[in-house]
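Student: Got a structure for you, query.txt, holding compact mmCIF, C-alpha atoms.
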```
# COMPACT_ATOMS: atom_id res chain seq x y z
CA MET A 1 23.22 -15.52 -51.05
CA ALA A 2 26.78 -16.07 -49.83
CA ALA A 3 27.33 -19.15 -47.73
CA ARG A 4 27.18 -18.44 -43.96
CA LYS A 5 30.49 -18.83 -42.14
CA ASN A 6 30.83 -21.80 -39.89
CA TYR A 7 31.50 -20.60 -36.36
CA CYS A 8 33.96 -23.47 -35.92
CA THR A 9 36.32 -22.29 -38.66
CA TYR A 10 39.09 -19.80 -38.07
CA PRO A 11 38.38 -16.36 -39.46
CA SER A 12 40.39 -15.16 -42.43
CA VAL A 13 43.47 -13.07 -41.62
CA LYS A 14 42.04 -10.56 -44.06
CA ASP A 15 39.20 -9.79 -41.63
CA PRO A 16 39.62 -6.19 -40.42
CA ILE A 17 40.01 -7.00 -36.72
CA PHE A 18 42.76 -9.49 -37.41
CA ASP A 19 44.53 -7.09 -39.80
CA VAL A 20 44.71 -4.64 -36.90
CA ILE A 21 45.97 -7.27 -34.47
CA LYS A 22 48.72 -8.38 -36.88
CA LYS A 23 50.11 -4.85 -36.93
CA MET A 24 50.08 -4.45 -33.15
CA THR A 25 53.26 -4.65 -31.15
CA VAL A 26 53.52 -7.03 -28.22
CA ASP A 27 53.23 -4.08 -25.82
CA LYS A 28 50.07 -2.88 -27.50
CA LEU A 29 48.62 -6.37 -27.24
CA LYS A 30 49.39 -6.45 -23.53
CA ARG A 31 47.68 -3.10 -22.97
CA THR A 32 44.67 -4.25 -24.95
CA PHE A 33 44.25 -7.46 -22.99
CA ILE A 34 44.69 -5.58 -19.68
CA ALA A 35 41.93 -3.17 -20.75
CA ILE A 36 39.69 -6.09 -21.64
CA PHE A 37 40.44 -7.73 -18.28
CA TYR A 38 39.46 -4.63 -16.30
CA SER A 39 36.40 -4.20 -18.47
CA LEU A 40 35.30 -7.69 -17.50
CA ILE A 41 35.86 -6.87 -13.81
CA CYS A 42 33.68 -3.77 -14.17
CA CYS A 43 30.97 -5.79 -15.86
CA SER A 44 31.13 -8.29 -13.01
CA ALA A 45 30.78 -5.50 -10.44
CA PHE A 46 27.87 -4.02 -12.36
CA ALA A 47 26.16 -7.39 -12.23
CA GLN A 48 26.21 -7.09 -8.43
CA THR A 49 23.93 -4.04 -8.56
CA ILE A 50 20.23 -4.77 -8.10
CA LYS A 51 17.82 -2.28 -9.62
CA THR A 52 14.38 -1.81 -8.12
CA GLY A 53 11.70 0.81 -7.87
CA VAL A 54 11.15 0.59 -4.12
CA LEU A 55 13.48 -0.79 -1.47
CA VAL A 56 11.80 -1.66 1.84
CA VAL A 57 14.13 -2.33 4.75
CA GLY A 58 12.67 -4.37 7.61
CA ALA A 59 10.22 -7.27 7.35
CA GLY A 60 8.05 -6.52 10.36
CA PRO A 61 4.28 -6.02 9.94
CA ALA A 62 4.71 -2.46 8.64
CA GLY A 63 7.57 -3.29 6.26
CA THR A 64 5.82 -6.36 4.89
CA ALA A 65 2.62 -4.36 4.34
CA ALA A 66 4.61 -1.59 2.61
CA ALA A 67 6.28 -4.08 0.28
CA ILE A 68 3.04 -5.88 -0.61
CA GLN A 69 1.22 -2.60 -1.30
CA SER A 70 4.07 -1.20 -3.38
CA ALA A 71 4.28 -4.35 -5.50
CA HIS A 72 0.49 -4.52 -5.79
CA SER A 73 0.58 -0.96 -7.15
CA GLY A 74 2.67 -2.15 -10.08
CA VAL A 75 6.18 -1.21 -8.95
CA LYS A 76 9.18 -3.51 -8.76
CA THR A 77 9.82 -3.87 -5.03
CA LEU A 78 12.58 -5.43 -2.95
CA LEU A 79 12.10 -6.28 0.74
CA VAL A 80 15.29 -6.92 2.71
CA ASP A 81 15.60 -8.06 6.30
CA LYS A 82 18.45 -9.20 8.51
CA GLY A 83 16.28 -12.02 9.82
CA ASN A 84 14.93 -15.04 7.99
CA PHE A 85 11.21 -14.19 7.94
CA GLU A 86 10.59 -16.80 10.60
CA SER A 87 8.84 -14.53 13.09
CA LEU A 88 6.36 -11.70 12.66
CA VAL A 89 4.81 -10.19 15.79
CA LEU A 90 1.41 -8.54 15.31
CA SER A 91 0.71 -5.90 17.93
CA GLN A 92 -2.69 -4.82 19.21
CA ASP A 93 -2.52 -1.78 16.93
CA ASP A 94 -1.73 -4.01 13.92
CA SER A 95 -4.90 -6.00 14.47
CA ALA A 96 -7.18 -3.18 15.62
CA PHE A 97 -9.12 -2.91 12.36
CA ARG A 98 -10.14 -5.50 9.79
CA THR A 99 -9.23 -3.48 6.75
CA GLY A 100 -6.69 -3.32 3.93
CA ILE A 101 -3.74 -5.69 4.09
CA TYR A 102 -4.70 -6.94 7.53
CA ALA A 103 -8.13 -7.96 6.20
CA ALA A 104 -6.45 -9.77 3.30
CA PHE A 105 -4.15 -11.49 5.81
CA LEU A 106 -7.14 -12.72 7.83
CA LYS A 107 -8.71 -14.21 4.70
CA ARG A 108 -5.55 -16.20 4.13
CA VAL A 109 -5.57 -17.31 7.74
CA GLU A 110 -9.15 -18.52 7.37
CA SER A 111 -8.23 -20.38 4.20
CA ALA A 112 -5.33 -22.07 5.99
CA GLN A 113 -7.16 -23.01 9.19
CA LYS A 114 -10.48 -23.87 7.46
CA TYR A 115 -12.66 -21.86 9.86
CA PRO A 116 -13.39 -18.15 10.48
CA VAL A 117 -11.08 -15.96 12.55
CA THR A 118 -12.71 -15.18 15.89
CA LYS A 119 -12.80 -11.68 17.33
CA ASN A 120 -10.13 -12.28 20.00
CA GLN A 121 -8.02 -14.80 18.08
CA THR A 122 -4.29 -14.19 18.23
CA PHE A 123 -1.54 -15.54 16.00
CA SER A 124 1.85 -16.84 16.99
CA PRO A 125 4.79 -14.98 15.42
CA ALA A 126 5.80 -18.13 13.52
CA PHE A 127 2.30 -18.67 12.12
CA ALA A 128 1.91 -15.00 11.09
CA ALA A 129 5.28 -15.11 9.33
CA THR A 130 4.32 -18.31 7.50
CA ILE A 131 1.11 -16.75 6.18
CA PHE A 132 2.77 -13.51 5.12
CA LYS A 133 5.75 -15.27 3.54
CA ALA A 134 3.50 -17.57 1.51
CA TRP A 135 1.49 -14.54 0.42
CA ALA A 136 4.55 -12.48 -0.51
CA ASP A 137 5.90 -15.33 -2.63
CA THR A 138 2.83 -15.02 -4.89
CA VAL A 139 2.88 -11.23 -5.30
CA LYS A 140 4.01 -10.06 -8.71
CA ASN A 141 6.83 -7.45 -8.70
CA LEU A 142 7.94 -8.43 -5.17
CA SER A 143 11.33 -9.97 -4.28
CA ILE A 144 12.62 -10.78 -0.79
CA LEU A 145 16.20 -10.98 0.51
CA THR A 146 16.64 -12.41 4.01
CA LYS A 147 19.68 -12.67 6.28
CA VAL A 148 20.90 -9.44 4.71
CA SER A 149 21.33 -6.05 6.33
CA VAL A 150 21.96 -2.58 4.90
CA SER A 151 25.45 -1.36 5.76
CA GLY A 152 25.22 2.01 4.08
CA ILE A 153 23.13 4.23 1.82
CA ARG A 154 23.88 7.22 -0.34
CA LYS A 155 21.83 9.58 -2.48
CA ASP A 156 21.78 8.95 -6.22
CA GLY A 157 19.97 11.77 -7.98
CA LYS A 158 16.31 11.53 -6.93
CA GLY A 159 16.86 7.99 -5.69
CA TRP A 160 19.21 5.98 -3.51
CA ILE A 161 21.96 3.38 -3.60
CA ALA A 162 22.08 0.98 -0.65
CA THR A 163 25.06 -1.23 0.13
CA LEU A 164 24.13 -4.65 1.54
CA SER A 165 26.06 -6.87 3.90
CA ASN A 166 26.50 -9.41 1.08
CA LYS A 167 28.53 -6.78 -0.84
CA LYS A 168 25.78 -6.18 -3.38
CA GLU A 169 24.30 -2.76 -4.06
CA VAL A 170 20.66 -1.86 -4.57
CA LYS A 171 19.76 1.09 -6.77
CA ALA A 172 16.23 2.23 -5.88
CA ASP A 173 13.97 5.13 -6.70
CA VAL A 174 12.61 5.16 -3.14
CA ILE A 175 13.63 3.77 0.25
CA VAL A 176 11.04 2.82 2.86
CA GLU A 177 12.37 2.75 6.43
CA ALA A 178 10.70 -0.06 8.38
CA THR A 179 13.37 -1.06 10.89
CA PRO A 180 12.37 -1.04 14.58
CA ASP A 181 15.40 1.04 15.59
CA HIS A 182 15.24 3.52 12.68
CA SER A 183 18.79 2.53 11.71
CA ILE A 184 18.27 3.44 8.06
CA SER A 185 17.04 6.89 9.05
CA ALA A 186 20.29 7.38 10.94
CA MET A 187 22.31 6.43 7.85
CA ALA A 188 20.36 8.95 5.77
CA SER A 189 20.56 11.65 8.47
CA VAL A 190 16.76 11.68 8.65
CA ASN A 191 15.10 12.46 11.98
CA PRO A 192 12.35 9.87 12.59
CA ASP A 193 10.68 12.20 15.10
CA ASP A 194 8.13 14.75 13.98
CA ALA A 195 7.06 17.39 16.48
CA LYS A 196 4.09 18.40 14.33
CA PHE A 197 2.38 15.11 15.14
CA ALA A 198 3.54 14.70 18.71
CA HIS A 199 0.55 15.90 20.71
CA ALA A 200 -3.10 14.91 20.69
CA ASP A 201 -5.48 17.45 19.21
CA SER A 202 -8.84 18.13 20.78
CA SER A 203 -10.43 17.93 17.35
CA ALA A 204 -9.86 15.62 14.41
CA TYR A 205 -10.17 18.74 12.25
CA ALA A 206 -7.51 20.91 13.88
CA SER A 207 -6.11 21.57 10.39
CA GLY A 208 -6.88 20.63 6.80
CA ARG A 209 -4.30 17.83 6.87
CA TYR A 210 -6.99 15.31 7.78
CA ARG A 211 -7.90 15.47 4.07
CA THR A 212 -4.56 13.83 3.28
CA GLY A 213 -5.04 10.86 5.62
CA ILE A 214 -3.49 7.62 4.36
CA ALA A 215 -3.81 5.31 7.37
CA ILE A 216 -6.08 4.61 10.30
CA ILE A 217 -4.50 5.14 13.69
CA SER A 218 -5.89 4.36 17.11
CA PRO A 219 -7.93 7.00 18.96
CA GLY A 220 -5.92 9.15 21.33
CA LYS A 221 -2.96 9.54 18.97
CA SER A 222 -1.99 12.90 17.48
CA TRP A 223 -4.66 12.45 14.82
CA PRO A 224 -7.67 10.61 16.30
CA VAL A 225 -8.81 8.89 13.14
CA THR A 226 -6.35 9.26 10.27
CA LEU A 227 -2.64 9.85 9.79
CA PRO A 228 -1.74 12.62 7.30
CA ALA A 229 0.61 11.68 4.46
CA GLU A 230 3.05 14.33 5.64
CA ALA A 231 3.72 12.33 8.81
CA LEU A 232 5.57 9.66 6.78
CA VAL A 233 7.85 11.91 4.71
CA ARG A 234 10.62 14.33 5.55
CA GLU A 235 12.63 16.98 3.69
CA THR A 236 14.92 14.28 2.31
CA GLU A 237 13.46 13.29 -1.06
CA ASN A 238 12.11 9.78 -1.61
CA PHE A 239 12.85 8.59 1.89
CA ILE A 240 9.65 7.34 3.50
CA LEU A 241 8.99 6.13 7.02
CA THR A 242 6.39 3.61 8.14
CA GLY A 243 6.08 5.38 11.48
CA SER A 244 7.78 7.58 14.03
CA ARG A 245 8.23 7.65 17.78
CA GLN A 246 5.07 9.74 18.01
CA ASN A 247 3.06 7.40 15.77
CA PRO A 248 4.54 3.88 15.87
CA ALA A 249 4.56 1.84 12.69
CA THR A 250 1.68 -0.57 12.09
CA ILE A 251 0.37 -2.63 9.21
CA PHE A 252 -1.86 0.32 8.31
CA THR A 253 0.85 3.00 8.31
CA GLY A 254 3.11 0.56 6.46
CA GLN A 255 0.51 0.08 3.75
CA GLY A 256 0.18 3.85 3.44
CA ALA A 257 3.96 4.20 3.14
CA GLY A 258 4.02 1.53 0.44
CA ALA A 259 1.41 3.39 -1.61
CA VAL A 260 3.35 6.67 -1.31
CA ALA A 261 6.59 4.94 -2.35
CA ALA A 262 4.93 3.23 -5.30
CA TYR A 263 3.48 6.55 -6.47
CA CYS A 264 6.92 8.20 -6.50
CA SER A 265 8.53 5.32 -8.40
CA PHE A 266 5.67 4.71 -10.82
CA PHE A 267 5.36 8.38 -11.83
CA LYS A 268 9.13 9.05 -11.63
CA THR A 269 8.61 11.89 -9.18
CA THR A 270 9.49 12.69 -5.58
CA THR A 271 7.87 12.94 -2.17
CA LYS A 272 7.75 16.72 -2.66
CA LYS A 273 5.23 16.30 -5.49
CA LEU A 274 2.66 13.84 -4.18
CA ASN A 275 -0.86 13.57 -5.56
CA VAL A 276 -2.56 12.64 -2.32
CA ARG A 277 -5.93 11.83 -3.88
CA LEU A 278 -4.39 9.31 -6.29
CA ILE A 279 -2.54 7.65 -3.41
CA GLN A 280 -5.70 7.53 -1.30
CA SER A 281 -7.66 6.06 -4.21
CA GLU A 282 -5.05 3.34 -4.65
CA LEU A 283 -5.35 2.41 -0.97
CA ILE A 284 -9.15 2.45 -1.07
CA ASN A 285 -9.07 0.16 -4.11
CA PHE A 286 -7.07 -2.29 -2.00
CA GLY A 287 -9.82 -2.25 0.61
CA SER A 288 -8.24 0.19 3.05
CA ARG A 289 -10.23 2.45 5.33
CA LEU A 290 -8.33 5.70 5.70
CA ILE A 291 -10.65 7.41 8.15
CA ARG A 292 -12.47 5.26 10.67
CA PHE A 293 -15.82 5.79 12.37
CA ASP A 294 -16.91 3.64 15.28
CA ASP A 295 -20.49 3.51 14.02
CA ILE A 296 -19.61 2.41 10.46
CA SER A 297 -18.62 -1.22 10.02
CA ASP A 298 -15.93 -2.29 7.55
CA ASN A 299 -18.51 -4.18 5.49
CA ASP A 300 -21.01 -1.31 5.39
CA SER A 301 -22.36 -1.00 1.83
CA ASN A 302 -21.62 2.75 1.83
CA ALA A 303 -18.26 2.61 3.62
CA VAL A 304 -16.26 3.82 0.61
CA ALA A 305 -18.60 6.74 -0.10
CA ILE A 306 -18.68 7.72 3.57
CA GLN A 307 -14.91 7.76 4.00
CA SER A 308 -14.42 9.57 0.69
CA ILE A 309 -16.82 12.36 1.66
CA ALA A 310 -15.41 12.44 5.20
CA LEU A 311 -11.93 13.01 3.74
CA THR A 312 -13.27 16.05 1.89
CA GLY A 313 -14.68 17.55 5.09
CA ILE A 314 -18.13 18.14 3.62
CA LEU A 315 -19.54 15.86 6.32
CA ARG A 316 -17.51 15.65 9.52
CA GLY A 317 -17.54 13.11 12.29
CA LYS A 318 -17.91 13.93 15.95
CA THR A 319 -15.95 12.73 18.95
CA SER A 320 -17.99 11.58 21.94
CA ALA A 321 -17.02 9.47 24.96
CA GLY A 322 -13.79 8.36 23.31
CA LYS A 323 -15.50 7.35 20.07
CA PHE A 324 -15.49 8.96 16.65
CA ASN A 325 -18.90 8.68 14.97
CA PHE A 326 -20.32 9.53 11.58
CA MET A 327 -23.97 9.31 12.66
CA PRO A 328 -25.20 7.97 9.30
CA ASP A 329 -28.92 8.14 10.16
CA SER A 330 -28.89 11.74 11.37
CA THR A 331 -30.57 14.46 9.33
CA VAL A 332 -28.66 17.25 7.59
CA SER A 333 -29.26 21.00 7.66
CA SER A 334 -28.34 23.41 4.88
CA GLU A 335 -26.21 25.37 7.35
CA GLU A 336 -24.13 22.26 8.18
CA ILE A 337 -22.93 21.72 4.62
CA LYS A 338 -23.11 25.26 3.21
CA LEU A 339 -19.52 26.37 3.83
CA PRO A 340 -17.71 23.13 2.88
CA VAL A 341 -19.80 22.68 -0.29
CA LYS A 342 -19.14 26.31 -1.30
CA GLU A 343 -15.42 25.68 -0.79
CA TYR A 344 -15.53 22.96 -3.44
CA TYR A 345 -18.19 24.47 -5.71
CA SER A 346 -18.46 28.27 -5.63
CA ARG A 347 -21.54 28.09 -7.85
CA SER A 348 -23.47 26.44 -5.02
CA GLN A 349 -23.53 29.67 -2.96
CA ILE A 350 -26.39 30.94 -5.13
CA TRP A 351 -28.45 27.85 -4.28
CA PHE A 352 -27.84 28.25 -0.54
CA LEU A 353 -29.06 31.85 -0.65
CA ASP A 354 -32.49 30.65 -1.72
CA ASN A 355 -32.63 27.37 0.19
CA ARG A 356 -32.41 27.19 3.96
CA SER A 357 -33.67 24.28 5.99
CA ASP A 358 -32.98 22.62 9.32
CA LYS A 359 -33.76 19.30 7.68
CA LEU A 360 -32.97 19.00 4.00
CA THR A 361 -35.28 16.68 2.09
CA LEU A 362 -34.16 14.35 -0.67
CA LYS A 363 -35.81 16.75 -3.10
CA ASP A 364 -33.70 19.60 -1.69
CA LEU A 365 -30.51 17.60 -1.97
CA LEU A 366 -31.17 16.60 -5.58
CA SER A 367 -31.98 20.24 -6.34
CA LEU A 368 -28.57 21.25 -4.96
CA ILE A 369 -26.80 18.58 -6.98
CA LYS A 370 -28.65 19.50 -10.18
CA PHE A 371 -27.87 23.19 -9.70
CA THR A 372 -24.19 22.60 -8.89
CA ALA A 373 -23.50 19.93 -11.52
CA SER A 374 -25.78 21.44 -14.19
CA ARG A 375 -28.00 18.37 -14.32
CA GLY A 376 -31.65 18.20 -15.37
CA GLU A 377 -34.73 16.46 -14.04
CA GLU A 378 -33.46 13.16 -15.44
CA LEU A 379 -31.28 12.96 -12.33
CA ASN A 380 -34.34 12.12 -10.21
CA ARG A 381 -35.12 9.10 -12.37
CA GLU A 382 -31.47 8.03 -12.40
CA VAL A 383 -31.22 8.19 -8.60
CA GLU A 384 -34.51 6.36 -8.11
CA LYS A 385 -33.40 3.58 -10.44
CA GLY A 386 -30.03 3.15 -8.71
CA TRP A 387 -31.21 3.68 -5.13
CA HIS A 388 -30.76 0.04 -4.08
CA THR A 389 -28.33 -1.07 -6.80
CA SER A 390 -25.52 1.34 -7.68
CA LEU A 391 -26.04 3.65 -4.67
CA LYS A 392 -26.70 0.74 -2.28
CA LEU A 393 -28.97 2.81 -0.06
CA PRO A 394 -31.53 1.34 2.35
CA GLY A 395 -35.17 2.33 2.61
CA LYS A 396 -37.38 3.82 -0.07
CA PHE A 397 -36.75 6.57 -2.59
CA ASP A 398 -38.96 9.38 -1.27
CA LEU A 399 -38.40 12.95 -2.39
CA ASN A 400 -40.24 14.39 0.60
CA LYS A 401 -38.43 12.61 3.42
CA PRO A 402 -35.56 14.26 5.36
CA VAL A 403 -32.27 13.18 3.86
CA THR A 404 -29.72 11.35 6.05
CA ARG A 405 -25.96 11.82 6.27
CA ARG A 406 -25.54 8.39 4.67
CA GLU A 407 -27.64 9.47 1.69
CA VAL A 408 -25.79 12.77 1.34
CA ALA A 409 -22.46 10.91 1.30
CA ALA A 410 -23.62 8.39 -1.31
CA LEU A 411 -25.21 10.98 -3.60
CA PHE A 412 -22.42 13.55 -3.36
CA ASN A 413 -19.82 10.87 -3.97
CA ALA A 414 -21.69 9.59 -7.03
CA TYR A 415 -22.75 12.85 -8.67
CA LEU A 416 -20.58 15.73 -7.41
CA LYS A 417 -17.37 13.78 -6.78
CA PRO A 418 -15.64 16.28 -4.45
CA PHE A 419 -13.07 13.61 -3.56
CA ASN A 420 -11.62 14.06 -7.05
CA VAL A 421 -10.62 17.67 -6.33
CA PHE A 422 -6.84 17.91 -5.86
CA VAL A 423 -5.52 18.76 -2.40
CA ASP A 424 -1.96 19.63 -1.43
CA MET A 425 -0.05 18.18 1.54
CA ASN A 426 -1.65 20.74 3.84
CA GLY A 427 -5.11 19.69 2.72
CA GLU A 428 -5.69 22.92 0.79
CA LEU A 429 -7.84 22.62 -2.34
CA LYS A 430 -6.05 23.18 -5.66
CA ARG A 431 -8.00 23.55 -8.90
```
Any chance you could put this one into structure tokens?
Tutor:
Amino acid sequence: MAARKNYCTYPSVKDPIFDVIKKMTVDKLKRTFIAIFYSLICCSAFAQTIKTGVLVVGAGPAGTAAAIQSAHSGVKTLLVDKGNFESLVLSQDDSAFRTGIYAAFLKRVESAQKYPVTKNQTFSPAFAATIFKAWADTVKNLSILTKVSVSGIRKDGKGWIATLSNKKEVKADVIVEATPDHSISAMASVNPDDAKFAHADSSAYASGRYRTGIAIISPGKSWPVTLPAEALVRETENFILTGSRQNPATIFTGQGAGAVAAYCSFFKTTTKKLNVRLIQSELINFGSRLIRFDDISDNDSNAVAIQSIALTGILRGKTSAGKFNFMPDSTVSSEEIKLPVKEYYSRSQIWFLDNRSDKLTLKDLLSLIKFTASRGEELNREVEKGWHTSLKLPGKFDLNKPVTRREVAALFNAYLKPFNVFVDMNGELKR
């Protein structure tokens, strides 16, 4: 093997590159070095461009929640704020429900203060910021830039390029608007208002969009229990809001926005092609409650099954005296579930023709599941075995007792899985 050249020795003049240089005129050399100089300048400018999947602008409760959720979902995320993350004001709406990112925040508070958070405990803006900042510093895929504002944005294919006040540029697949004054929306010519969600509906089921809910909102808003995904997107691709003037941003809407943004970046798609069920599942896996019932606690053993079935519309809640209830211990009639079940499983209409009851028994319900899912008698044994364990149901397994709404939710969620059926942004089923 030939001896390796020592990097400290001068190269031979017979080397090709030096043969070329020897033949160059002085003018040619000047032009070459000028080209190299400008090339270096371009490389330096390129180095000032930050690439990220999701750019979140604004480190308030909603923006911080959006950034944490996006990063948690496996997407490189950058959170920028003109402040220094020294103050974070939690509103009453931010702390209305112990779920999702707010629940995770409370656990960190309890760890820091060494005692449980009380029901009416409040947090100073400085303390809340300290907890969230310490948390954000440990989240993989998340970077934070403070004392920096966005001076301009422009479209870049499906994504965006944002110019920062420190002269750097951020190239992102998705932008999440979380500023209190909607300044980024103005730069993108996006209207933060949305007339479709401006007025309260008398029913939580005024349209099928409840099926696309991605965040709890307080009763009395345009959607009494859940905010549809469509409320956080506009016609402009991959520009996502954490709220609007009709539905102000909260930790919960921010977390929903973060999940939507992460979906678009992760799957290299746009806000016009969202898979709502995947986004909802990601939020549920983080501990979020997307549809809230006043009679179902956050630590209810069947909370996930109940909200999943509620988001399908097979079992619907009822509004009474300003509260939205699921009524988990109420009985179920065949007429109550006939139409929504047939919508998901056309085969079931044959079963309903032969089975009518004001109070379905557990035997009836298992018969419906077996008929619809083409299961055999082994299902009875499987359900009995998992009654207290996998299904986490109270009471005894009794085929002859009237079935409750809680039991319908748990069994449908486990064996029919209607939540897995794709829905579009209008909540229409797509198979």
Student: Choose the residue, out of A:Ser124, A:Thr269, A:Thr250, A:Gln48, that has the smallest atom-to-atom separation from Phe97 of chain A; count all atoms listed in the file.
Tutor: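 When distances to Phe97 of chain A are compared using all atoms listed in the file, the smallest one comes from A:Thr250.
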Student: For Tyr205 of chain A, which residue out of A:Asn302, A:Thr226, A:Ser374, A:Asn191 is the nearest one, using only C-alpha atoms?
Tutor: A:Thr226
Student: Using all atoms listed in the file, which residue out of A:Arg154, A:Arg211, A:Arg381, A:Lys82 lies closest to Ala188 of chain A?
Tutor: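 Answer, going by the shortest atom-to-atom distance: A:Arg154.
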Student: Can you list, as a short mmCIF file (atom, residue, chain, number, x, y, z; two decimals) with C-alpha atoms, in the coordinates of the input, every protein, DNA or RNA residue that comes within 9 Å of Gly208 of chain A when you count only C-alpha atoms, leaving out same-chain residues fewer than 2 positions away?
Tutor:
```
data_model
loop_
_atom_site.label_atom_id
_atom_site.label_comp_id
_atom_site.auth_asym_id
_atom_site.auth_seq_id
_atom_site.Cartn_x
_atom_site.Cartn_y
_atom_site.Cartn_z
CA TYR A 205 -10.17 18.74 12.25
CA ALA A 206 -7.51 20.91 13.88
CA TYR A 210 -6.99 15.31 7.78
CA ARG A 211 -7.90 15.47 4.07
CA THR A 212 -4.56 13.83 3.28
CA GLY A 313 -14.68 17.55 5.09
CA MET A 425 -0.05 18.18 1.54
CA ASN A 426 -1.65 20.74 3.84
CA GLY A 427 -5.11 19.69 2.72
CA GLU A 428 -5.69 22.92 0.79
#
```
Student: Got a sec: who's within 10 Å of Glu377 of chain A, counting all atoms listed in the file, leaving out chain neighbours fewer than 3 positions off, as number ranges by chain?
Tutor: A: 366-367, 370, 380-382
Student: Show me the residues close to (-5.7, -6.6, 4.9) - anything with an atom within 12 Å, counting all atoms listed in the file - and format the list as an MDAnalysis selection string.
Tutor: chainID A and resid 61:62 64:66 68:69 94:109 132 135 250:252 254:255 283:289 298
Student: Next, the residues of the selection above should be written as a PDB file, in the coordinates of the input with C-alpha atoms.
Tutor:
```pdb
ATOM      1  CA  PRO A  61       4.280  -6.020   9.940  1.00  0.00           C
ATOM      2  CA  ALA A  62       4.710  -2.460   8.640  1.00  0.00           C
ATOM      3  CA  THR A  64       5.820  -6.360   4.890  1.00  0.00           C
ATOM      4  CA  ALA A  65       2.620  -4.360   4.340  1.00  0.00           C
ATOM      5  CA  ALA A  66       4.610  -1.590   2.610  1.00  0.00           C
ATOM      6  CA  ILE A  68       3.040  -5.880  -0.610  1.00  0.00           C
ATOM      7  CA  GLN A  69       1.220  -2.600  -1.300  1.00  0.00           C
ATOM      8  CA  ASP A  94      -1.730  -4.010  13.920  1.00  0.00           C
ATOM      9  CA  SER A  95      -4.900  -6.000  14.470  1.00  0.00           C
ATOM     10  CA  ALA A  96      -7.180  -3.180  15.620  1.00  0.00           C
ATOM     11  CA  PHE A  97      -9.120  -2.910  12.360  1.00  0.00           C
ATOM     12  CA  ARG A  98     -10.140  -5.500   9.790  1.00  0.00           C
ATOM     13  CA  THR A  99      -9.230  -3.480   6.750  1.00  0.00           C
ATOM     14  CA  GLY A 100      -6.690  -3.320   3.930  1.00  0.00           C
ATOM     15  CA  ILE A 101      -3.740  -5.690   4.090  1.00  0.00           C
ATOM     16  CA  TYR A 102      -4.700  -6.940   7.530  1.00  0.00           C
ATOM     17  CA  ALA A 103      -8.130  -7.960   6.200  1.00  0.00           C
ATOM     18  CA  ALA A 104      -6.450  -9.770   3.300  1.00  0.00           C
ATOM     19  CA  PHE A 105      -4.150 -11.490   5.810  1.00  0.00           C
ATOM     20  CA  LEU A 106      -7.140 -12.720   7.830  1.00  0.00           C
ATOM     21  CA  LYS A 107      -8.710 -14.210   4.700  1.00  0.00           C
ATOM     22  CA  ARG A 108      -5.550 -16.200   4.130  1.00  0.00           C
ATOM     23  CA  VAL A 109      -5.570 -17.310   7.740  1.00  0.00           C
ATOM     24  CA  PHE A 132       2.770 -13.510   5.120  1.00  0.00           C
ATOM     25  CA  TRP A 135       1.490 -14.540   0.420  1.00  0.00           C
ATOM     26  CA  THR A 250       1.680  -0.570  12.090  1.00  0.00           C
ATOM     27  CA  ILE A 251       0.370  -2.630   9.210  1.00  0.00           C
ATOM     28  CA  PHE A 252      -1.860   0.320   8.310  1.00  0.00           C
ATOM     29  CA  GLY A 254       3.110   0.560   6.460  1.00  0.00           C
ATOM     30  CA  GLN A 255       0.510   0.080   3.750  1.00  0.00           C
ATOM     31  CA  LEU A 283      -5.350   2.410  -0.970  1.00  0.00           C
ATOM     32  CA  ILE A 284      -9.150   2.450  -1.070  1.00  0.00           C
ATOM     33  CA  ASN A 285      -9.070   0.160  -4.110  1.00  0.00           C
ATOM     34  CA  PHE A 286      -7.070  -2.290  -2.000  1.00  0.00           C
ATOM     35  CA  GLY A 287      -9.820  -2.250   0.610  1.00  0.00           C
ATOM     36  CA  SER A 288      -8.240   0.190   3.050  1.00  0.00           C
ATOM     37  CA  ARG A 289     -10.230   2.450   5.330  1.00  0.00           C
ATOM     38  CA  ASP A 298     -15.930  -2.290   7.550  1.00  0.00           C
TER      39      ASP A 298
END
```
Student: Could you jot down the atom CA of Phe326 of chain A to atom CA of Leu362 of chain A separation for me, Å, one decimal place?
Tutor: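 According to the coordinates, atom CA of Phe326 of chain A and atom CA of Leu362 of chain A are separated by 19.1 Å.
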